[in-house]
Amino acid sequence: MRMNHPFTIIIPTRERAETLQHTIRSCLAQDYDNLQIVVSDNASADNTRDVVLSANDARIQYINPGRRVSMMENFEFAFSHVTQGYVLSLGDDDALTRNSVSQANQIINETSTQALISDFSHYFWPNVNGPAAGQLIYSRKKGYEARRCKPDLHQVLYGRRAFNHLPCVYYGYINAKVLTRLRRMHGKLFASNIVDLFSSVALSLLLDDYVFSHEPLAINGTSNRSNGAAFMQISQDSGEKNLWFRENSTTSLPPFQTTGSIKMMLAEACQAMLQINSPLCSDFQPNMRLMLEQSHLDVQLYKKSNIDAKLVEEISAKLGFTNLKPNQLQTLMAFAGLYLNRLPKFINSEIIDTRKLDVRNVADASELLQKQLSEPASSSFEKISLLYHRFKATR
């Protein structure tokens with residue numbers, strides 16, 4: 001039976017009104033009625049509240065914890081306001097694709113899934129430093145497939161699948177009842193500041209299966225003030241990174257600190273599950289040594305990201321692992337594996353320079369994406385040229 005499920009989009013934010021307005025605009029453009037948008041303003045000192053209220057739309061709910069809290073606490077506060085339907089969270093420089101909610105509702109009706117995630121679409125705002133600025137990359141592949149959670153988690157943890165191919169509260173539609181189960185089990189939803197990866201591990205251990213949409217349902221935006229841009233050195237402004245550390249130090253999980261390595265963040269998420277003694281970990285024994293070895297490989301694979309090699313070594317040693325630096329053969333094999341893993345994405349993806357089309361924000365990028373998906377693919381030469389510049393941005 002077809003249902004119009006309730007959907008809630010959560011947008012945790014902190015002093016990014018200039019990008020937030022476009023994130024909200026992409027949500028309000030959805031062709032779906034049973035929709036609520038919850039903006040959780042982490043005690044911003046800018047005009048965030050005015051931007052939210054100026055939308056003057058009954059679907060928007062503005063909430064504020066009343067004082068500056070850590071990012072993890074703001075997420076916890078925001079998600080406590082949702083008890084029914086399906087919920088997805090966006091960053092304040094991200095966007096929904098044009099028909100995201102109606103497409104999600106259709107897939108959920110057809111599959112009865114409790115968790116739906118989609119392939120990435122990635123937009124680099126024009127204010128990002130480097131050759132990736134203004135680029136929009138997205139999947140042209142259609143359809144969706146059912147996947148098993150625990151086998152996929154194993155592949156992600158040990159480097160055989162991208163981390164965004166798991167159920168997640170970020171960019172993923174999750175049944176609120178599932179999140180209520182997690183909250184009752186742990187006393188809270190999040191036990192790590194890396195809220196996206198922690199939720200991926202927890203949901204993968206809780207659920208048996210999920211649905212993966214090849215067509216993107218959200219756009220992952222990277223602006224010059226994104227947390228991800230700050231930590232991966234895409235942004236040259238160290239102020240955002242330093243502020244994040246000041247505001248999140250009391251909820252950080254020792255001995256972890258943010259190194260810039262995705263594999264180290266996955267290790268932290270697994271360690272957090274073990275430290276809270278989760279019932280989900282009864283048969284979960286992550287190979288921490290292997291994940292830390294991959295963190296050392298990340299230092300070599302993503303040199304332009306300036307991953308903190310010394311900090312990677314220090315954290316590994318505190319966890320009882322030393323001498324994990326890869327030799328030349330291991331590094332060469334890792335490079336080869338990286339390219340082989342990315343070949344299918346190259347074949348099924350498109351990439352365009354949105355600045356040539358006068359696109360200057362993520363909401364306009366969402367509208368452009370809707371148009372591009374209905375048009376023929378770009379020429380191979382143009383695609384190769386743009387992907388080369390994308391490659392230069394991270395290597």
# chains A, B, ... in the order shown; residues from 1 in each chain; ligands from 1

call {"tool": "residues_around", "arguments": {"residues": "stretch 133-149 of chain A", "least_positions_apart": "4", "cutoff": "7 Å", "atoms": "only C-alpha atoms", "output": "PyMOL selection string"}}
result
chain A and resi 119-129+153+204+207-216+348-355+373

call {"tool": "write_last_selection", "arguments": {"atoms": "N, CA and C atoms", "output": "short mmCIF file (atom, residue, chain, number, x, y, z; two decimals), in the first residue's frame"}}
result
data_model
loop_
_atom_site.label_atom_id
_atom_site.label_comp_id
_atom_site.auth_asym_id
_atom_site.auth_seq_id
_atom_site.Cartn_x
_atom_site.Cartn_y
_atom_site.Cartn_z
N ASP A 119 24.15 7.15 -3.26
CA ASP A 119 25.49 7.48 -3.71
C ASP A 119 25.70 8.99 -3.58
N PHE A 120 26.95 9.38 -3.36
CA PHE A 120 27.27 10.78 -3.16
C PHE A 120 27.07 11.60 -4.42
N SER A 121 26.56 12.80 -4.23
CA SER A 121 26.77 13.88 -5.17
C SER A 121 27.54 14.93 -4.38
N HIS A 122 28.58 15.47 -4.96
CA HIS A 122 29.46 16.37 -4.22
C HIS A 122 29.58 17.71 -4.94
N TYR A 123 29.37 18.79 -4.19
CA TYR A 123 29.48 20.13 -4.74
C TYR A 123 30.52 20.92 -3.95
N PHE A 124 31.49 21.47 -4.65
CA PHE A 124 32.49 22.33 -4.03
C PHE A 124 32.09 23.78 -4.28
N TRP A 125 31.76 24.48 -3.20
CA TRP A 125 31.39 25.89 -3.33
C TRP A 125 32.52 26.67 -4.00
N PRO A 126 32.22 27.76 -4.70
CA PRO A 126 33.27 28.54 -5.39
C PRO A 126 34.31 29.13 -4.44
N ASN A 127 33.96 29.27 -3.13
CA ASN A 127 34.93 29.87 -2.20
C ASN A 127 35.95 28.87 -1.66
N VAL A 128 35.89 27.62 -2.12
CA VAL A 128 36.88 26.62 -1.71
C VAL A 128 38.18 26.87 -2.47
N ASN A 129 39.30 26.75 -1.79
CA ASN A 129 40.60 26.95 -2.43
C ASN A 129 40.96 25.75 -3.30
N LEU A 153 29.67 -3.39 6.32
CA LEU A 153 30.48 -2.73 7.35
C LEU A 153 31.90 -3.30 7.34
N SER A 204 24.75 -0.21 11.28
CA SER A 204 25.15 -1.43 10.58
C SER A 204 25.15 -2.63 11.50
N LEU A 207 20.95 -3.15 12.33
CA LEU A 207 20.06 -3.59 11.26
C LEU A 207 20.66 -4.76 10.48
N ASP A 208 19.78 -5.53 9.86
CA ASP A 208 20.23 -6.62 9.00
C ASP A 208 20.52 -6.14 7.59
N ASP A 209 19.70 -5.24 7.09
CA ASP A 209 19.87 -4.80 5.71
C ASP A 209 19.44 -3.34 5.54
N TYR A 210 19.74 -2.79 4.40
CA TYR A 210 19.38 -1.43 4.05
C TYR A 210 19.27 -1.34 2.54
N VAL A 211 18.85 -0.19 2.04
CA VAL A 211 18.74 0.01 0.59
C VAL A 211 19.71 1.10 0.17
N PHE A 212 20.41 0.86 -0.92
CA PHE A 212 21.36 1.82 -1.49
C PHE A 212 20.82 2.31 -2.82
N SER A 213 20.58 3.62 -2.93
CA SER A 213 20.13 4.23 -4.18
C SER A 213 21.34 4.71 -4.96
N HIS A 214 21.43 4.26 -6.21
CA HIS A 214 22.54 4.71 -7.05
C HIS A 214 22.37 6.17 -7.45
N GLU A 215 21.14 6.60 -7.58
CA GLU A 215 20.87 8.00 -7.90
C GLU A 215 20.94 8.84 -6.64
N PRO A 216 21.70 9.93 -6.62
CA PRO A 216 21.88 10.71 -5.39
C PRO A 216 20.59 11.32 -4.89
N ASN A 348 30.56 5.65 -13.99
CA ASN A 348 29.16 5.96 -13.74
C ASN A 348 28.92 7.39 -13.25
N SER A 349 29.96 8.21 -13.24
CA SER A 349 29.83 9.56 -12.70
C SER A 349 29.96 10.61 -13.79
N GLU A 350 29.41 11.77 -13.48
CA GLU A 350 29.61 12.95 -14.30
C GLU A 350 30.21 14.04 -13.42
N ILE A 351 30.92 14.95 -14.03
CA ILE A 351 31.50 16.06 -13.30
C ILE A 351 31.45 17.30 -14.19
N ILE A 352 30.98 18.41 -13.63
CA ILE A 352 30.85 19.64 -14.41
C ILE A 352 31.38 20.82 -13.61
N ASP A 353 31.86 21.81 -14.31
CA ASP A 353 32.30 23.06 -13.69
C ASP A 353 31.10 24.00 -13.66
N THR A 354 30.50 24.14 -12.49
CA THR A 354 29.25 24.91 -12.38
C THR A 354 29.47 26.40 -12.53
N ARG A 355 30.70 26.87 -12.36
CA ARG A 355 30.95 28.32 -12.48
C ARG A 355 30.70 28.81 -13.89
N LEU A 373 20.59 15.43 -15.04
CA LEU A 373 20.23 14.02 -15.02
C LEU A 373 19.29 13.66 -16.17
#

call {"tool": "residues_around", "arguments": {"residues": "stretch 172-180 of chain A", "least_positions_apart": "2", "cutoff": "8 Å", "atoms": "only C-alpha atoms", "output": "compact mmCIF listing (two decimals) with N, CA, C and O atoms, in the first residue's frame"}}
result
# COMPACT_ATOMS: atom_id res chain seq x y z
N VAL A 82 12.52 14.38 17.08
CA VAL A 82 11.88 13.57 16.04
C VAL A 82 11.57 12.19 16.60
O VAL A 82 12.47 11.50 17.09
N THR A 83 10.31 11.78 16.53
CA THR A 83 9.91 10.48 17.08
C THR A 83 9.16 9.61 16.08
O THR A 83 8.85 8.46 16.39
N GLN A 84 8.86 10.12 14.90
CA GLN A 84 8.09 9.34 13.94
C GLN A 84 8.59 9.59 12.52
O GLN A 84 9.29 10.56 12.24
N GLY A 85 8.20 8.69 11.64
CA GLY A 85 8.55 8.83 10.23
C GLY A 85 10.01 8.54 9.96
O GLY A 85 10.67 7.80 10.69
N TYR A 86 10.52 9.15 8.91
CA TYR A 86 11.92 8.98 8.50
C TYR A 86 12.65 10.30 8.65
O TYR A 86 12.09 11.38 8.40
N VAL A 87 13.91 10.21 9.06
CA VAL A 87 14.67 11.42 9.36
C VAL A 87 16.02 11.37 8.65
O VAL A 87 16.65 10.31 8.55
N LEU A 88 16.45 12.52 8.15
CA LEU A 88 17.75 12.69 7.49
C LEU A 88 18.35 13.99 7.99
O LEU A 88 17.64 14.97 8.21
N SER A 89 19.66 14.02 8.19
CA SER A 89 20.33 15.26 8.58
C SER A 89 21.23 15.75 7.45
O SER A 89 21.81 14.97 6.71
N ALA A 104 12.59 9.09 -2.07
CA ALA A 104 12.80 8.26 -0.89
C ALA A 104 11.51 7.58 -0.47
O ALA A 104 11.50 6.39 -0.13
N GLN A 114 14.13 0.14 6.48
CA GLN A 114 14.25 1.02 7.63
C GLN A 114 15.37 2.03 7.47
O GLN A 114 15.48 2.97 8.26
N ALA A 115 16.21 1.82 6.45
CA ALA A 115 17.36 2.71 6.23
C ALA A 115 17.65 2.80 4.74
O ALA A 115 17.76 1.78 4.05
N LEU A 116 17.76 4.04 4.26
CA LEU A 116 18.02 4.30 2.85
C LEU A 116 19.16 5.29 2.73
O LEU A 116 19.13 6.37 3.31
N ILE A 117 20.19 4.92 1.98
CA ILE A 117 21.33 5.80 1.74
C ILE A 117 21.52 5.88 0.22
O ILE A 117 21.08 4.99 -0.51
N SER A 118 22.15 6.92 -0.25
CA SER A 118 22.35 7.05 -1.70
C SER A 118 23.81 7.35 -2.01
O SER A 118 24.58 7.76 -1.14
N PRO A 167 24.42 2.69 5.91
CA PRO A 167 23.32 3.50 6.46
C PRO A 167 23.88 4.53 7.43
O PRO A 167 24.81 4.25 8.18
N CYS A 168 23.32 5.73 7.40
CA CYS A 168 23.90 6.83 8.17
C CYS A 168 22.86 7.91 8.37
O CYS A 168 21.99 8.12 7.51
N VAL A 169 22.92 8.63 9.51
CA VAL A 169 21.98 9.73 9.73
C VAL A 169 22.32 10.93 8.85
O VAL A 169 21.47 11.79 8.62
N TYR A 170 23.56 11.00 8.38
CA TYR A 170 23.96 12.06 7.46
C TYR A 170 23.66 11.61 6.04
O TYR A 170 24.19 10.60 5.57
N LEU A 182 18.10 2.66 19.30
CA LEU A 182 19.50 2.93 19.63
C LEU A 182 19.61 3.78 20.89
O LEU A 182 20.46 3.53 21.76
N ARG A 183 18.76 4.79 20.99
CA ARG A 183 18.79 5.68 22.14
C ARG A 183 18.47 4.92 23.44
O ARG A 183 19.11 5.13 24.48
N ARG A 184 17.50 4.04 23.39
CA ARG A 184 17.15 3.24 24.56
C ARG A 184 18.26 2.27 24.93
O ARG A 184 18.50 1.97 26.09
N LEU A 189 22.14 8.75 21.31
CA LEU A 189 22.37 8.31 19.93
C LEU A 189 23.85 8.27 19.57
O LEU A 189 24.30 7.40 18.83

call {"tool": "select_by_dssp", "arguments": {"residues": "stretch 100-325 of chain A", "states": "alpha helix (DSSP H)", "output": "MDAnalysis selection string"}}
result
chainID A and resid 100:111 149:157 176:186 195:206 227:231 238:248 262:275 288:301 309:318

call {"tool": "atom_distance", "arguments": {"atom1": "atom CA of A:Asp50", "atom2": "atom CA of A:Ala17"}}
result
8.9 Å

call {"tool": "atom_distance", "arguments": {"atom1": "atom CA of A:Tyr62", "atom2": "atom CA of A:Ile37"}}
result
8.5 Å

call {"tool": "closest_residue", "arguments": {"among": "A:Leu205, A:Leu368, A:Leu90, A:Ala363", "to": "A:Ser26", "atoms": "only C-alpha atoms"}}
result
A:Ala363

call {"tool": "select_by_dssp", "arguments": {"residues": "stretch 121-350 of chain A", "states": "strand (DSSP E or B)", "output": "tab-separated table (two decimals) with C-alpha atoms, in the first residue's frame"}}
result
chain	number	residue	atom	x	y	z
A	121	SER	CA	26.77	13.88	-5.17
A	122	HIS	CA	29.46	16.37	-4.22
A	123	TYR	CA	29.48	20.13	-4.74
A	124	PHE	CA	32.49	22.33	-4.03
A	135	GLN	CA	32.81	21.37	-9.35
A	136	LEU	CA	29.71	19.18	-9.11
A	137	ILE	CA	30.23	15.42	-9.30
A	138	TYR	CA	27.36	12.97	-9.31
A	139	SER	CA	26.31	9.46	-10.24
A	144	TYR	CA	18.57	0.91	-6.15
A	145	GLU	CA	19.54	-2.36	-4.50
A	146	ALA	CA	19.14	-4.10	-1.16
A	147	ARG	CA	22.37	-4.64	0.76
A	148	ARG	CA	23.42	-6.50	3.90
A	170	TYR	CA	23.96	12.06	7.46
A	173	TYR	CA	16.82	8.40	5.54
A	174	ILE	CA	16.45	6.39	8.76
A	175	ASN	CA	13.24	5.27	10.42
A	209	ASP	CA	19.87	-4.80	5.71
A	210	TYR	CA	19.38	-1.43	4.05
A	211	VAL	CA	18.74	0.01	0.59
A	212	PHE	CA	21.36	1.82	-1.49
A	213	SER	CA	20.13	4.23	-4.18
A	218	ALA	CA	21.50	14.60	-1.29
A	219	ILE	CA	24.41	16.84	-2.23
A	220	ASN	CA	27.43	16.85	0.03
A	221	GLY	CA	28.58	20.48	0.01
A	222	THR	CA	32.10	21.60	0.80
A	349	SER	CA	29.83	9.56	-12.70
A	350	GLU	CA	29.61	12.95	-14.30

call {"tool": "residues_around", "arguments": {"residues": "A:Arg14", "least_positions_apart": "2", "cutoff": "8 Å", "atoms": "only C-alpha atoms", "output": "list in words"}}
result
Pro12, Arg16, Asp41, Asn42, Ala43, Ser44 and Thr48 of chain A

call {"tool": "write_last_selection", "arguments": {"atoms": "all heavy atoms", "output": "compact mmCIF listing (two decimals), in the first residue's frame"}}
result
# COMPACT_ATOMS: atom_id res chain seq x y z
N PRO A 12 21.58 20.71 11.72
CA PRO A 12 22.34 21.33 12.82
C PRO A 12 23.23 22.43 12.24
O PRO A 12 23.86 22.24 11.20
CB PRO A 12 23.18 20.17 13.39
CG PRO A 12 22.58 18.93 12.78
CD PRO A 12 22.03 19.34 11.46
N ARG A 16 26.63 29.88 10.30
CA ARG A 16 26.89 29.77 8.86
C ARG A 16 25.64 30.18 8.09
O ARG A 16 25.20 29.49 7.17
CB ARG A 16 27.32 28.34 8.49
CG ARG A 16 28.64 27.93 9.11
CD ARG A 16 29.17 26.67 8.46
NE ARG A 16 30.40 26.24 9.12
CZ ARG A 16 30.52 25.09 9.80
NH1 ARG A 16 29.49 24.29 9.92
NH2 ARG A 16 31.66 24.76 10.36
N ASP A 41 19.91 25.46 15.88
CA ASP A 41 20.89 26.54 15.91
C ASP A 41 21.71 26.47 17.19
O ASP A 41 21.21 26.70 18.29
CB ASP A 41 20.15 27.88 15.81
CG ASP A 41 21.09 29.07 15.90
OD1 ASP A 41 22.31 28.89 15.83
OD2 ASP A 41 20.57 30.20 16.05
N ASN A 42 22.99 26.17 17.05
CA ASN A 42 23.88 26.00 18.21
C ASN A 42 24.34 27.36 18.73
O ASN A 42 25.51 27.72 18.67
CB ASN A 42 25.07 25.12 17.82
CG ASN A 42 25.87 24.63 19.02
OD1 ASN A 42 25.59 24.99 20.16
ND2 ASN A 42 26.87 23.81 18.76
N ALA A 43 23.35 28.13 19.27
CA ALA A 43 23.62 29.42 19.91
C ALA A 43 24.47 30.33 19.03
O ALA A 43 25.45 30.93 19.49
CB ALA A 43 24.27 29.22 21.28
N SER A 44 24.07 30.45 17.76
CA SER A 44 24.84 31.28 16.83
C SER A 44 24.79 32.76 17.21
O SER A 44 23.77 33.26 17.70
CB SER A 44 24.29 31.12 15.40
OG SER A 44 24.47 29.80 14.95
N THR A 48 21.59 33.79 12.04
CA THR A 48 21.01 32.49 11.71
C THR A 48 19.52 32.44 12.00
O THR A 48 18.73 31.99 11.16
CB THR A 48 21.73 31.38 12.51
OG1 THR A 48 23.07 31.24 12.02
CG2 THR A 48 21.01 30.05 12.37

call {"tool": "residues_around", "arguments": {"residues": "A:Leu28", "least_positions_apart": "2", "cutoff": "10 Å", "atoms": "only C-alpha atoms", "output": "count of residues only"}}
result
17

call {"tool": "residues_around", "arguments": {"residues": "A:Gly320", "least_positions_apart": "3", "cutoff": "10 Å", "atoms": "only C-alpha atoms", "output": "JSON, numbers by chain"}}
result
{"A": [288, 289, 314, 315, 316, 317]}

call {"tool": "atom_distance", "arguments": {"atom1": "atom CA of A:Asp46", "atom2": "atom CA of A:Thr13"}}
result
11.2 Å

call {"tool": "closest_residue", "arguments": {"among": "A:Asn47, A:Asn277, A:Asn193, A:Gln155", "to": "A:Phe256", "atoms": "only C-alpha atoms"}}
result
A:Asn193
